[in-house]
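Here is structure-v8.csv, consisting of CSV, C-alpha atoms and all ligand atoms:
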```csv
chain,number,residue,atom,x,y,z
A,1,MET,CA,114.5,117.1,91.5
A,2,ASP,CA,117.1,116.9,94.2
A,3,THR,CA,118.5,113.7,95.7
A,4,TYR,CA,116.2,113.9,98.8
A,5,LYS,CA,113.0,114.1,96.6
A,6,ILE,CA,114.1,111.2,94.4
A,7,ILE,CA,114.8,109.0,97.4
A,8,LEU,CA,111.6,110.0,99.1
A,9,GLU,CA,109.6,109.2,95.9
A,10,ALA,CA,111.4,105.8,95.7
A,11,HIS,CA,110.7,105.0,99.4
A,12,SER,CA,107.1,106.1,99.0
A,13,GLY,CA,106.5,103.9,95.9
A,14,ILE,CA,108.4,100.8,97.1
A,15,ALA,CA,106.3,101.0,100.3
A,16,TYR,CA,103.3,99.7,98.3
A,17,VAL,CA,105.3,96.9,96.8
A,18,ALA,CA,106.8,95.9,100.2
A,19,LEU,CA,103.5,96.0,102.1
A,20,PHE,CA,101.8,94.1,99.2
A,21,THR,CA,104.4,91.3,98.8
A,22,VAL,CA,104.9,90.8,102.6
A,23,GLY,CA,101.1,90.7,103.0
A,24,VAL,CA,100.6,88.2,100.1
A,25,ALA,CA,103.4,86.0,101.6
A,26,ALA,CA,101.8,86.0,105.1
A,27,ILE,CA,98.3,85.2,103.7
A,28,ASN,CA,99.7,82.5,101.4
A,29,ALA,CA,101.5,80.9,104.4
A,30,LEU,CA,98.4,81.1,106.6
A,31,ILE,CA,96.4,79.4,103.9
A,32,GLY,CA,99.0,76.7,103.3
A,33,LEU,CA,99.2,76.1,107.0
A,34,SER,CA,95.5,75.8,107.6
A,35,ALA,CA,94.8,73.7,104.4
A,36,LYS,CA,97.9,71.5,105.2
A,37,ASN,CA,99.2,72.1,101.7
A,38,GLU,CA,102.5,70.8,100.4
A,39,PHE,CA,105.2,73.6,100.5
A,40,LYS,CA,106.0,74.0,96.8
A,41,PRO,CA,108.7,76.1,95.0
A,42,LYS,CA,106.0,78.7,94.3
A,43,ASP,CA,105.4,79.2,98.0
A,44,ARG,CA,109.2,79.7,98.5
A,45,ARG,CA,109.2,82.3,95.7
A,46,ILE,CA,106.2,84.2,97.1
A,47,ALA,CA,108.0,84.6,100.5
A,48,LEU,CA,111.3,85.5,98.7
A,49,PHE,CA,109.5,88.4,96.9
A,50,GLY,CA,108.4,89.7,100.3
A,51,LEU,CA,111.8,89.4,101.8
A,52,ILE,CA,113.6,91.1,98.9
A,53,ALA,CA,111.0,94.0,98.7
A,54,ALA,CA,111.4,94.5,102.5
A,55,HIS,CA,115.2,94.6,102.3
A,56,ILE,CA,115.2,97.0,99.3
A,57,GLN,CA,112.9,99.3,101.3
A,58,PHE,CA,115.2,99.0,104.3
A,59,VAL,CA,118.2,100.2,102.3
A,60,ILE,CA,116.3,103.1,100.8
A,61,GLY,CA,114.8,104.0,104.2
A,62,LEU,CA,118.3,104.0,105.8
A,63,ILE,CA,119.6,106.4,103.1
A,64,LEU,CA,116.5,108.5,103.4
A,65,TYR,CA,117.0,108.8,107.2
A,66,PHE,CA,120.3,110.6,106.6
A,67,VAL,CA,119.1,112.9,103.7
A,68,SER,CA,115.6,113.8,105.0
A,69,PRO,CA,114.9,116.9,107.2
A,70,LYS,CA,112.6,114.6,109.2
A,71,GLY,CA,115.3,112.0,110.0
A,72,PHE,CA,118.7,112.1,111.7
A,73,SER,CA,119.2,115.8,111.1
A,74,LEU,CA,116.4,116.5,113.5
A,75,PHE,CA,118.7,115.6,116.4
A,76,GLY,CA,121.0,118.4,115.3
A,77,GLN,CA,118.2,120.9,115.4
A,78,ALA,CA,116.0,119.8,118.3
A,79,GLY,CA,117.0,118.1,121.6
A,80,MET,CA,116.0,114.6,122.4
A,81,LYS,CA,113.4,115.9,124.9
A,82,GLU,CA,111.7,118.0,122.2
A,83,ILE,CA,111.7,115.2,119.6
A,84,MET,CA,110.3,112.6,122.1
A,85,GLY,CA,107.7,115.1,123.3
A,86,ASN,CA,106.3,115.8,119.8
A,87,SER,CA,104.4,112.8,118.4
A,88,GLU,CA,105.0,113.7,114.7
A,89,LEU,CA,108.8,114.3,115.1
A,90,ARG,CA,109.1,111.1,117.3
A,91,GLN,CA,107.2,109.1,114.7
A,92,MET,CA,109.6,109.9,111.8
A,93,ALA,CA,112.9,110.2,113.6
A,94,VAL,CA,112.5,107.4,116.1
A,95,GLU,CA,109.5,105.1,115.9
A,96,HIS,CA,109.2,104.5,112.2
A,97,PRO,CA,112.9,103.6,111.7
A,98,ILE,CA,113.3,101.4,114.8
A,99,ILE,CA,110.0,99.5,114.6
A,100,ASN,CA,110.4,99.0,110.8
A,101,ILE,CA,113.9,97.7,111.2
A,102,LEU,CA,112.5,95.3,113.9
A,103,ALA,CA,109.8,94.2,111.4
A,104,ILE,CA,112.4,93.5,108.7
A,105,VAL,CA,114.4,91.5,111.3
A,106,PHE,CA,111.3,89.4,112.0
A,107,ILE,CA,110.7,88.8,108.2
A,108,THR,CA,114.3,87.8,107.8
A,109,ILE,CA,114.1,85.4,110.7
A,110,GLY,CA,110.9,83.9,109.2
A,111,TRP,CA,112.8,83.4,105.9
A,112,SER,CA,115.9,81.8,107.4
A,113,THR,CA,114.1,79.6,109.9
A,114,HIS,CA,111.7,78.3,107.2
A,115,LYS,CA,114.7,77.0,105.3
A,116,ARG,CA,115.9,74.9,108.2
A,117,ALA,CA,112.4,73.7,109.1
A,118,GLU,CA,111.5,70.1,108.3
A,119,GLY,CA,108.3,69.5,106.5
A,120,SER,CA,105.7,71.6,104.8
A,121,ASN,CA,103.7,72.4,107.9
A,122,ALA,CA,106.7,73.7,109.8
A,123,LYS,CA,107.9,75.8,106.8
A,124,PHE,CA,104.5,77.5,106.4
A,125,LYS,CA,104.3,78.0,110.1
A,126,LYS,CA,107.6,79.9,110.3
A,127,ILE,CA,106.6,82.2,107.4
A,128,ALA,CA,103.1,82.7,108.7
A,129,ILE,CA,104.2,83.7,112.2
A,130,PHE,CA,107.2,86.0,111.4
A,131,PHE,CA,105.8,87.6,108.2
A,132,THR,CA,102.5,88.4,109.9
A,133,LEU,CA,104.2,89.8,112.9
A,134,GLY,CA,106.5,91.9,110.6
A,135,LEU,CA,103.5,93.1,108.6
A,136,LEU,CA,101.6,94.2,111.7
A,137,LEU,CA,104.7,96.1,112.9
A,138,LEU,CA,105.1,97.8,109.5
A,139,LEU,CA,101.4,98.8,109.4
A,140,SER,CA,101.6,100.2,112.9
A,141,ARG,CA,104.2,102.8,112.0
A,142,ILE,CA,103.3,103.9,108.5
A,143,PRO,CA,102.9,107.7,108.4
A,144,TRP,CA,99.4,107.3,106.7
A,145,ASN,CA,98.5,111.1,106.8
A,146,VAL,CA,101.8,112.1,105.1
A,147,TRP,CA,101.9,109.2,102.7
A,148,PHE,CA,98.4,109.9,101.2
A,149,SER,CA,98.6,113.7,101.3
A,201,LIG,C1,109.3,98.0,104.9
A,201,LIG,C2,109.7,99.0,105.6
A,201,LIG,C3,109.2,100.5,105.4
A,201,LIG,C4,108.0,101.0,104.9
A,201,LIG,C5,106.8,100.2,104.3
A,201,LIG,C6,108.1,102.4,104.9
A,201,LIG,C7,107.2,103.3,104.5
A,201,LIG,C8,107.3,104.7,104.5
A,201,LIG,C9,106.3,105.6,104.0
A,201,LIG,C10,104.9,105.1,103.3
A,201,LIG,C11,106.7,106.9,104.2
A,201,LIG,C12,106.0,108.2,103.8
A,201,LIG,C13,106.5,108.6,102.4
A,201,LIG,C14,105.9,109.8,101.9
A,201,LIG,O1,105.9,110.8,102.7
A,201,LIG,O2,105.5,109.9,100.7
A,201,LIG,C15,108.0,106.8,104.9
A,201,LIG,C16,108.8,107.8,105.3
A,201,LIG,C17,110.0,107.7,105.9
A,201,LIG,N1,110.7,106.6,106.1
A,201,LIG,FE1,110.0,104.7,105.8
A,201,LIG,N2,109.4,102.8,105.5
A,201,LIG,C18,110.0,101.6,105.8
A,201,LIG,C19,111.3,101.5,106.4
A,201,LIG,C20,112.1,102.6,106.8
A,201,LIG,C21,113.4,102.5,107.5
A,201,LIG,C22,114.0,101.2,107.8
A,201,LIG,C23,113.8,103.8,107.7
A,201,LIG,C24,115.1,104.3,108.3
A,201,LIG,C25,116.0,103.5,108.8
A,201,LIG,C26,112.8,104.7,107.1
A,201,LIG,C27,112.9,106.1,107.1
A,201,LIG,C28,111.9,106.9,106.7
A,201,LIG,C29,112.0,108.4,106.8
A,201,LIG,C30,113.2,109.2,107.4
A,201,LIG,C31,110.8,108.9,106.3
A,201,LIG,C32,110.4,110.4,106.2
A,201,LIG,C33,110.9,111.0,105.0
A,201,LIG,C34,110.4,112.4,104.8
A,201,LIG,O3,109.2,112.7,104.7
A,201,LIG,O4,111.3,113.3,104.7
A,201,LIG,N3,111.8,103.9,106.6
A,201,LIG,N4,108.3,105.4,105.0
```

With the file now loaded, output its structure as structure tokens.
Ligand code: HEM
Amino acid sequence: MDTYKIILEAHSGIAYVALFTVGVAAINALIGLSAKNEFKPKDRRIALFGLIAAHIQFVIGLILYFVSPKGFSLFGQAGMKEIMGNSELRQMAVEHPIINILAIVFITIGWSTHKRAEGSNAKFKKIAIFFTLGLLLLLSRIPWNVWFS
């Protein structure tokens, strides 16, 4: 197996972990918020798992972008006009990386602002808002047809 295949396999597998842990963290925070629960160390850990998985996926995605034939190298072969005019090429070379980086920025903002927030309600709220937003962005740009083929 070459380097590209190994990194693609890793990115494809960790995608499950990242989506699952970010999803669980968002749901846990939404439940904590609506039930007015106390923010416990377990809630912090659940959010931390999501943050770490998203960051690992970001690093692997970034490497993949430069070794994949569907990433940065496309710009050397096709012009910007051709890439932007083709929805499949645009999805992998432009939309998936940019929107997913934005999603990970949201998740990171949720994590850092929850630390500064005072009180359980405020902590759950930061995680609920930013992790849910991040998750929706991630889900909007997954190449479902390629992933499950
Ligand atoms: C949590 C964030 C992310 C998730 C859940 C995710 C998920 C995925 C999935 C499921 C695939 C399809 C894998 C397959 O074909 O088996 C994929 C492909 C890809 N991702 Fe991501 N990704 C994320 C972030 C990123 C980032 C930040 C970048 C780049 C900076 C990136 C670059 C790529 C590239 C270039 C491909 C296509 C690789 C190829 O088929 O040759 N991803 N991603």

Notebook entry, point to check: Within 7 Å of stretch 52-58 of chain A, counting all atoms listed in the file, which residues qualify if same-chain residues fewer than 2 places away don't, as a VMD selection string?
Noted result: chain A and resid 11 14 to 15 17 to 18 48 to 50 60 to 62 104

Write out the residues from the selection above, keeping C-alpha atoms, as a PDB file, keeping the file's coordinate frame.
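Output contents, as saved in again-v3.pdb:
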```pdb
ATOM      1  CA  HIS A  11     110.700 105.000  99.400  1.00  0.00           C
ATOM      2  CA  ILE A  14     108.400 100.800  97.100  1.00  0.00           C
ATOM      3  CA  ALA A  15     106.300 101.000 100.300  1.00  0.00           C
ATOM      4  CA  VAL A  17     105.300  96.900  96.800  1.00  0.00           C
ATOM      5  CA  ALA A  18     106.800  95.900 100.200  1.00  0.00           C
ATOM      6  CA  LEU A  48     111.300  85.500  98.700  1.00  0.00           C
ATOM      7  CA  PHE A  49     109.500  88.400  96.900  1.00  0.00           C
ATOM      8  CA  GLY A  50     108.400  89.700 100.300  1.00  0.00           C
ATOM      9  CA  ILE A  60     116.300 103.100 100.800  1.00  0.00           C
ATOM     10  CA  GLY A  61     114.800 104.000 104.200  1.00  0.00           C
ATOM     11  CA  LEU A  62     118.300 104.000 105.800  1.00  0.00           C
ATOM     12  CA  ILE A 104     112.400  93.500 108.700  1.00  0.00           C
TER      13      ILE A 104
END
```

Item checked: 12 Å contact set for A:Ile31, all atoms listed in the file, chain neighbours under 3 positions out, as a PyMOL selection string -> chain A and resi 24-28+34-39+43+121+124-125+127-128

Next item on the list: Determine, counting only C-alpha atoms, which protein, DNA and RNA residues have an atom within 10 Å of an atom of A:Ile129; residues of the same chain fewer than 4 positions away are not included. Present the result as a list in words.
Entry: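 Near A:Ile129, the qualifying residues are Ala26, Ala29, Leu30, Phe106, Ile107, Gly110, Phe124, Lys125, Leu133 and Gly134 of chain A.
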
Margin query: One number please: atom CA of A:Gly13 to atom CA of A:Lys70, in Å, one decimal.
Written below: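 Atom CA of A:Lys70 lies at a distance of 18.1 Å from atom CA of A:Gly13.
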
Check: Mind pulling up the distance from atom CA of A:Gly32 to atom C2 of ligand LIG 201 (chain A)?
Finding: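 Atom CA of A:Gly32 lies 24.8 Å from atom C2 of ligand LIG 201 (chain A).
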
Notebook entry, point to check: In terms of the shortest atom-to-atom distance over only C-alpha atoms and all ligand atoms, which of A:Arg90, A:Lys123, A:Lys42, A:His96 is closest to ligand LIG 201 (chain A)?
Noted result: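 Selected residue with least distance to ligand LIG 201 (chain A): A:His96.
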
Item checked: Nearest to ligand LIG 201 (chain A), chosen from A:Ser87, A:Gln77, A:Thr21, A:Thr113, with all atoms listed in the file counted in the distances ->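 Of the candidates, the smallest distance to ligand LIG 201 (chain A) is held by A:Thr21.
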
Check: In Å, with one decimal, what is the gap from atom CA of A:Met92 to atom C5 of ligand LIG 201 (chain A)?
Finding: 12.6 Å

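In terms of minimum interatomic distance to ligand LIG 201 (chain A), A:Val146 ranks closest within A:Leu135, A:Val94, A:Val146, A:Leu89, counting all atoms listed in the file.
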
Check: So, counting all atoms listed in the file, which residue among A:Trp111, A:Phe130, A:Tyr65, A:Phe75 is closest to A:Ala47?
Finding: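 So, comparing all the options, the nearest one is A:Trp111.
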
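All residues of protein, DNA or RNA that reach within 12 Å of A:Glu88, judged by all atoms listed in the file and not counting those fewer than 2 positions away in the chain, are Lys70, Gly71, Leu74, Glu82, Ile83, Met84, Gly85, Asn86, Arg90, Gln91, Met92, Ala93, Val94, Glu95, His96, Arg141, Ile142, Pro143, Trp144, Asn145 and Val146 of chain A.
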
Check: Which one is closest to A:Ile6: A:Ile98, A:Ile63, A:Leu138, A:Ala78? Count all atoms listed in the file.
Finding: A:Ile63
